[in-house]
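Inspection log for the structure reproduced underneath, given as C-alpha cells.
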Amino acid sequence: MLCLDLAPNQRIIDLKATLNSGHEMPVITLGTYQITGRPQILETLDAAFKAGYRSIDTAAVYRNEQEIGYALRQLLPKHGLKREDIFITTKLAPSDHGDELRVTQAVTTSLQYLGISYIDLYLIHWPGAAGYSPSDPCNYTFRTNTWKHLIKLYNEGKGIIRSIGVSNFTVGHLSQLLRDTSIIPAVNQVEFHPHFQQSKELTNIAKKNGIILQAYSPLGGTANPCLLKDPIVSHVAHSNKITPGQTLLRYALQRGYAVVPKSVTPSRIEENSRLEKELSQEDINTLNNIGRRDKYAWNPEPVM
C-alpha cells in the first residue's frame, strides 16, 4: 500500500513508493502512450517537469523512446535536473519474448534510444508472445524464460536495470511467475479506475509479496471519455471542489495504486499533479460502488 502522509508544504507529486528492489519510484508518473513526434514530446515533458513530474513511462511499442531521449537531453539542463532526478520506466515488446539474445537486445536498444546508461524500471509489457494465440501454452514458456533473462540482467547487468516488473499480469500469471522464478516483480502495471476495479485476489497477492500496483488508464483513456463524464464521478468532484480527473487520480492513490496519467495539454498536466485534496471514505465507497464494469484497454485474461 502507498503512504500518502504529507509533510508540511509537501505535494503528492513529490511522494515516492519504495519498491522491493530498494529503489524509490514516484507515485505519479507521466504516461506517454500515443504521444509521438519530437515537438509534442518536448512540449509535454517540458510542461511535466515544470509541474513537478519526475517519472516518465514509455515502452518499446510506443515508438517514442528516441524522442523522449532527445527531450531529456534538452530539458534536464533547462529545469536544473540530472539523470538521477528522473525515474524512467520502459517495457519489453511482446515480439521480444523468450530468447535471451532478443531480450538483451531489446534492453540495449531502449537504453540507446533513451540515451541513458540505466533503466529505473523495466517491465514485461504483456503476458503473451507476439504471433501466438492467447490459448497457446507457449505463452507460459516464453514469459517464464523472459523473466529469467531479466533476472539475469538485473543481477549481473552492472546496474543497467535497477528494478524489474510486469504489466497486465493477472493473478494466474503472477502466481505462476512467483512459483517458477526467484525474483518477485517490483511492480505490476494494470488498468484500474472506478469502471474497472481489479479483484481483491490481485490486491492480496500484490500486498503479500510487496508488489506495487500501478494504474494505467486511471482516467479511462482518451478514447473513452465517458469515465470523466460519469455523473457519480462528477458529483464526487463537485462536492470536493476538484475536477473529475483529480477525483479519479486521488481515488486510485487512496486505493493503494501508483498512477500513470497521460495528457499533452500543459494545463491538464499541471492539474493532474495537484492531488492534495483527500477524498472521504464515503467518497471512496461511492466510487467503489459505481455499478459499472467496463474495460477500456487490452484484456490479458485469455492469455495462457
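Going through the C-alpha cells in order, the chains are called A, B, and so on, while each chain numbers its residues from 1 and the ligands are numbered from 1 in the order shown.
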
Fewer than 5 positions away in the same chain doesn't count, so skip those; otherwise give me all residues within 7 Å of range 125-128 of chain A, counting only C-alpha atoms, as a list in words.
-> Lys91, Leu92, Ala93, Pro94, Pro134, Asn139, Arg143, Val166, Ser167, Asn168, Phe169 and Val303 of chain A

May I have a table of the residues of range 235-296 of chain A lying at most 8 Å from range 50-61 of chain A, giving each one's closest pair of atoms and their distance in Å to one decimal, counting only C-alpha atoms, ordered by chain and ascending residue number, as CSV?
residue,atom,partner,partner_atom,distance
A:Val260,CA,A:Asp57,CA,7.5
A:Ile269,CA,A:Ala51,CA,7.3
A:Glu270,CA,A:Ala51,CA,5.2
A:Ser273,CA,A:Ala51,CA,6.7

Which residue out of A:Thr181, A:Asn155, A:Ser117, A:Thr44 has the minimum interatomic distance to Pro266 in chain A when only C-alpha atoms are used?
->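 Among the listed residues, A:Thr44 lies closest to Pro266 in chain A.
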
Taking into account only C-alpha atoms, which residue in the set A:Lys207, A:Arg38, A:Lys158, A:Arg292 is nearest to Ala71 in chain A?
->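 Under the stated criterion, the closest residue is A:Arg38.
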
Assign secondary structure with DSSP using the backbone only, and return the residues of range 176-264 of chain A in helix (DSSP H, G or I) as JSON, numbers by chain.
-> {"A": [176, 177, 178, 179, 180, 200, 201, 202, 203, 204, 205, 206, 207, 208, 209, 231, 232, 233, 234, 235, 236, 237, 238, 239, 240, 244, 245, 246, 247, 248, 249, 250, 251, 252, 253, 254]}

Spatial neighbours of Val103 in chain A, 8 Å, only C-alpha atoms, chain gap at least 5 places, as a ChimeraX atom specification = /A:92,96-98,146,149-150

With only C-alpha atoms as the basis for distance, which of A:Gln214, A:Thr36, A:Ser21, A:Gln198 is at the shortest distance from Val171 in chain A?
->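 With only C-alpha atoms as the atom set, the closest residue is A:Gln198.
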
Near Lys277 in chain A, within 8 Å and counting only C-alpha atoms, which residues show up once chain neighbours fewer than 3 positions away are dropped, as a list in words?
->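 My reading of the contact set: Asn240, Ile242 and Arg250 of chain A.
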
Could you please write out, as a list in words, every residue of range 69-113 of chain A that DSSP assigns to strand (DSSP E)?
->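 Answer for range 69-113 of chain A, restricted to strand (DSSP E): Phe87, Ile88, Thr89, Thr90, Lys91 and Leu92 of chain A.
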
With all heavy atoms retained, could you export that selection as a PDB file, in the first residue's frame?
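Below you can see result14.pdb, which holds the result:
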ATOM      1  N   PHE A  87      12.941   9.238 -12.905  1.00  0.00           N
ATOM      2  CA  PHE A  87      12.668   7.798 -12.883  1.00  0.00           C
ATOM      3  C   PHE A  87      12.062   7.423 -14.236  1.00  0.00           C
ATOM      4  O   PHE A  87      11.029   7.965 -14.636  1.00  0.00           O
ATOM      5  CB  PHE A  87      11.691   7.482 -11.750  1.00  0.00           C
ATOM      6  CG  PHE A  87      11.511   6.015 -11.467  1.00  0.00           C
ATOM      7  CD1 PHE A  87      12.206   5.404 -10.436  1.00  0.00           C
ATOM      8  CD2 PHE A  87      10.626   5.241 -12.220  1.00  0.00           C
ATOM      9  CE1 PHE A  87      12.032   4.051 -10.148  1.00  0.00           C
ATOM     10  CE2 PHE A  87      10.453   3.900 -11.945  1.00  0.00           C
ATOM     11  CZ  PHE A  87      11.156   3.296 -10.908  1.00  0.00           C
ATOM     12  N   ILE A  88      12.713   6.505 -14.946  1.00  0.00           N
ATOM     13  CA  ILE A  88      12.279   6.137 -16.295  1.00  0.00           C
ATOM     14  C   ILE A  88      11.860   4.670 -16.334  1.00  0.00           C
ATOM     15  O   ILE A  88      12.622   3.776 -15.955  1.00  0.00           O
ATOM     16  CB  ILE A  88      13.401   6.392 -17.318  1.00  0.00           C
ATOM     17  CG1 ILE A  88      13.745   7.884 -17.353  1.00  0.00           C
ATOM     18  CG2 ILE A  88      12.979   5.915 -18.709  1.00  0.00           C
ATOM     19  CD1 ILE A  88      14.906   8.230 -18.255  1.00  0.00           C
ATOM     20  N   THR A  89      10.653   4.448 -16.790  1.00  0.00           N
ATOM     21  CA  THR A  89      10.110   3.103 -16.993  1.00  0.00           C
ATOM     22  C   THR A  89       9.943   2.854 -18.480  1.00  0.00           C
ATOM     23  O   THR A  89       9.408   3.697 -19.205  1.00  0.00           O
ATOM     24  CB  THR A  89       8.729   2.956 -16.318  1.00  0.00           C
ATOM     25  OG1 THR A  89       8.843   3.199 -14.922  1.00  0.00           O
ATOM     26  CG2 THR A  89       8.156   1.556 -16.553  1.00  0.00           C
ATOM     27  N   THR A  90      10.408   1.702 -18.949  1.00  0.00           N
ATOM     28  CA  THR A  90      10.079   1.271 -20.305  1.00  0.00           C
ATOM     29  C   THR A  90       9.777  -0.224 -20.266  1.00  0.00           C
ATOM     30  O   THR A  90       9.897  -0.863 -19.212  1.00  0.00           O
ATOM     31  CB  THR A  90      11.177   1.646 -21.318  1.00  0.00           C
ATOM     32  OG1 THR A  90      10.658   1.445 -22.644  1.00  0.00           O
ATOM     33  CG2 THR A  90      12.443   0.834 -21.122  1.00  0.00           C
ATOM     34  N   LYS A  91       9.365  -0.770 -21.423  1.00  0.00           N
ATOM     35  CA  LYS A  91       8.793  -2.117 -21.396  1.00  0.00           C
ATOM     36  C   LYS A  91       9.232  -2.946 -22.596  1.00  0.00           C
ATOM     37  O   LYS A  91       9.426  -2.417 -23.693  1.00  0.00           O
ATOM     38  CB  LYS A  91       7.255  -2.035 -21.378  1.00  0.00           C
ATOM     39  CG  LYS A  91       6.697  -1.074 -20.346  1.00  0.00           C
ATOM     40  CD  LYS A  91       5.175  -1.038 -20.410  1.00  0.00           C
ATOM     41  CE  LYS A  91       4.626   0.126 -19.618  1.00  0.00           C
ATOM     42  NZ  LYS A  91       4.768   1.415 -20.305  1.00  0.00           N
ATOM     43  N   LEU A  92       9.308  -4.242 -22.361  1.00  0.00           N
ATOM     44  CA  LEU A  92       9.654  -5.217 -23.394  1.00  0.00           C
ATOM     45  C   LEU A  92       8.454  -5.473 -24.297  1.00  0.00           C
ATOM     46  O   LEU A  92       7.355  -5.756 -23.811  1.00  0.00           O
ATOM     47  CB  LEU A  92      10.098  -6.530 -22.744  1.00  0.00           C
ATOM     48  CG  LEU A  92      10.496  -7.635 -23.714  1.00  0.00           C
ATOM     49  CD1 LEU A  92      12.017  -7.675 -23.836  1.00  0.00           C
ATOM     50  CD2 LEU A  92       9.985  -8.992 -23.250  1.00  0.00           C
TER      51      LEU A  92
END

Near Ile41 in chain A, counting only C-alpha atoms, which residues have an atom at most 9 Å away, once you skip same-chain residues fewer than 5 positions from it, shown as a tab-separated table (two decimals) with C-alpha atoms, in the first residue's frame?
chain	number	residue	atom	x	y	z
A	32	THR	CA	3.37	8.75	-22.92
A	35	ILE	CA	2.45	10.73	-27.64
A	36	THR	CA	4.84	10.88	-30.58
A	46	ASP	CA	8.62	20.48	-20.59
A	64	ASN	CA	8.73	7.28	-28.85
A	67	GLU	CA	12.07	11.39	-28.98
A	68	ILE	CA	12.00	11.07	-25.19
A	71	ALA	CA	13.79	15.68	-24.92
A	264	VAL	CA	-0.47	16.52	-23.87

Skip Gly245 in chain A itself and residues of its chain fewer than 4 positions away, then list as a list in words all residues within 7 Å of it, counting only C-alpha atoms.
-> Leu219, Leu228, Leu249 and Asn272 of chain A

Quick one: of A:Tyr132, A:Tyr122, A:Tyr296, A:Tyr257, who's nearest to Trp147 in chain A, counting only C-alpha atoms?
-> A:Tyr122

Polymer residues at most 10 Å from His23 in chain A, only C-alpha atoms, same-chain spacing of 6 or more positions, as a list of chain:residue names |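 In the requested form, the answer reads A:Lys16, A:Ala17, A:Asp120, A:Leu121, A:Arg162, A:Ser163, A:Ala186.
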
Got time to write the residues from that selection, N, CA and C atoms, as a CSV table (one decimal), in the first residue's frame?
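Output contents, as saved in again-v2.csv:
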chain,number,residue,atom,x,y,z
A,16,LYS,N,7.1,9.3,-3.0
A,16,LYS,CA,7.7,8.1,-3.6
A,16,LYS,C,7.3,6.9,-2.9
A,17,ALA,N,7.2,5.8,-3.6
A,17,ALA,CA,7.0,4.4,-3.0
A,17,ALA,C,8.3,3.7,-3.1
A,120,ASP,N,15.4,2.7,-14.8
A,120,ASP,CA,14.9,2.5,-13.4
A,120,ASP,C,14.0,1.4,-13.2
A,121,LEU,N,13.1,1.2,-14.2
A,121,LEU,CA,12.1,0.1,-14.1
A,121,LEU,C,11.8,-0.5,-15.5
A,162,ARG,N,17.6,-1.3,-12.8
A,162,ARG,CA,17.5,-1.2,-11.4
A,162,ARG,C,16.4,-1.9,-10.7
A,163,SER,N,15.3,-2.0,-11.4
A,163,SER,CA,14.1,-2.8,-10.9
A,163,SER,C,13.4,-3.4,-12.1
A,186,ALA,N,8.7,-6.0,-9.0
A,186,ALA,CA,8.6,-4.8,-8.1
A,186,ALA,C,7.3,-4.1,-8.4
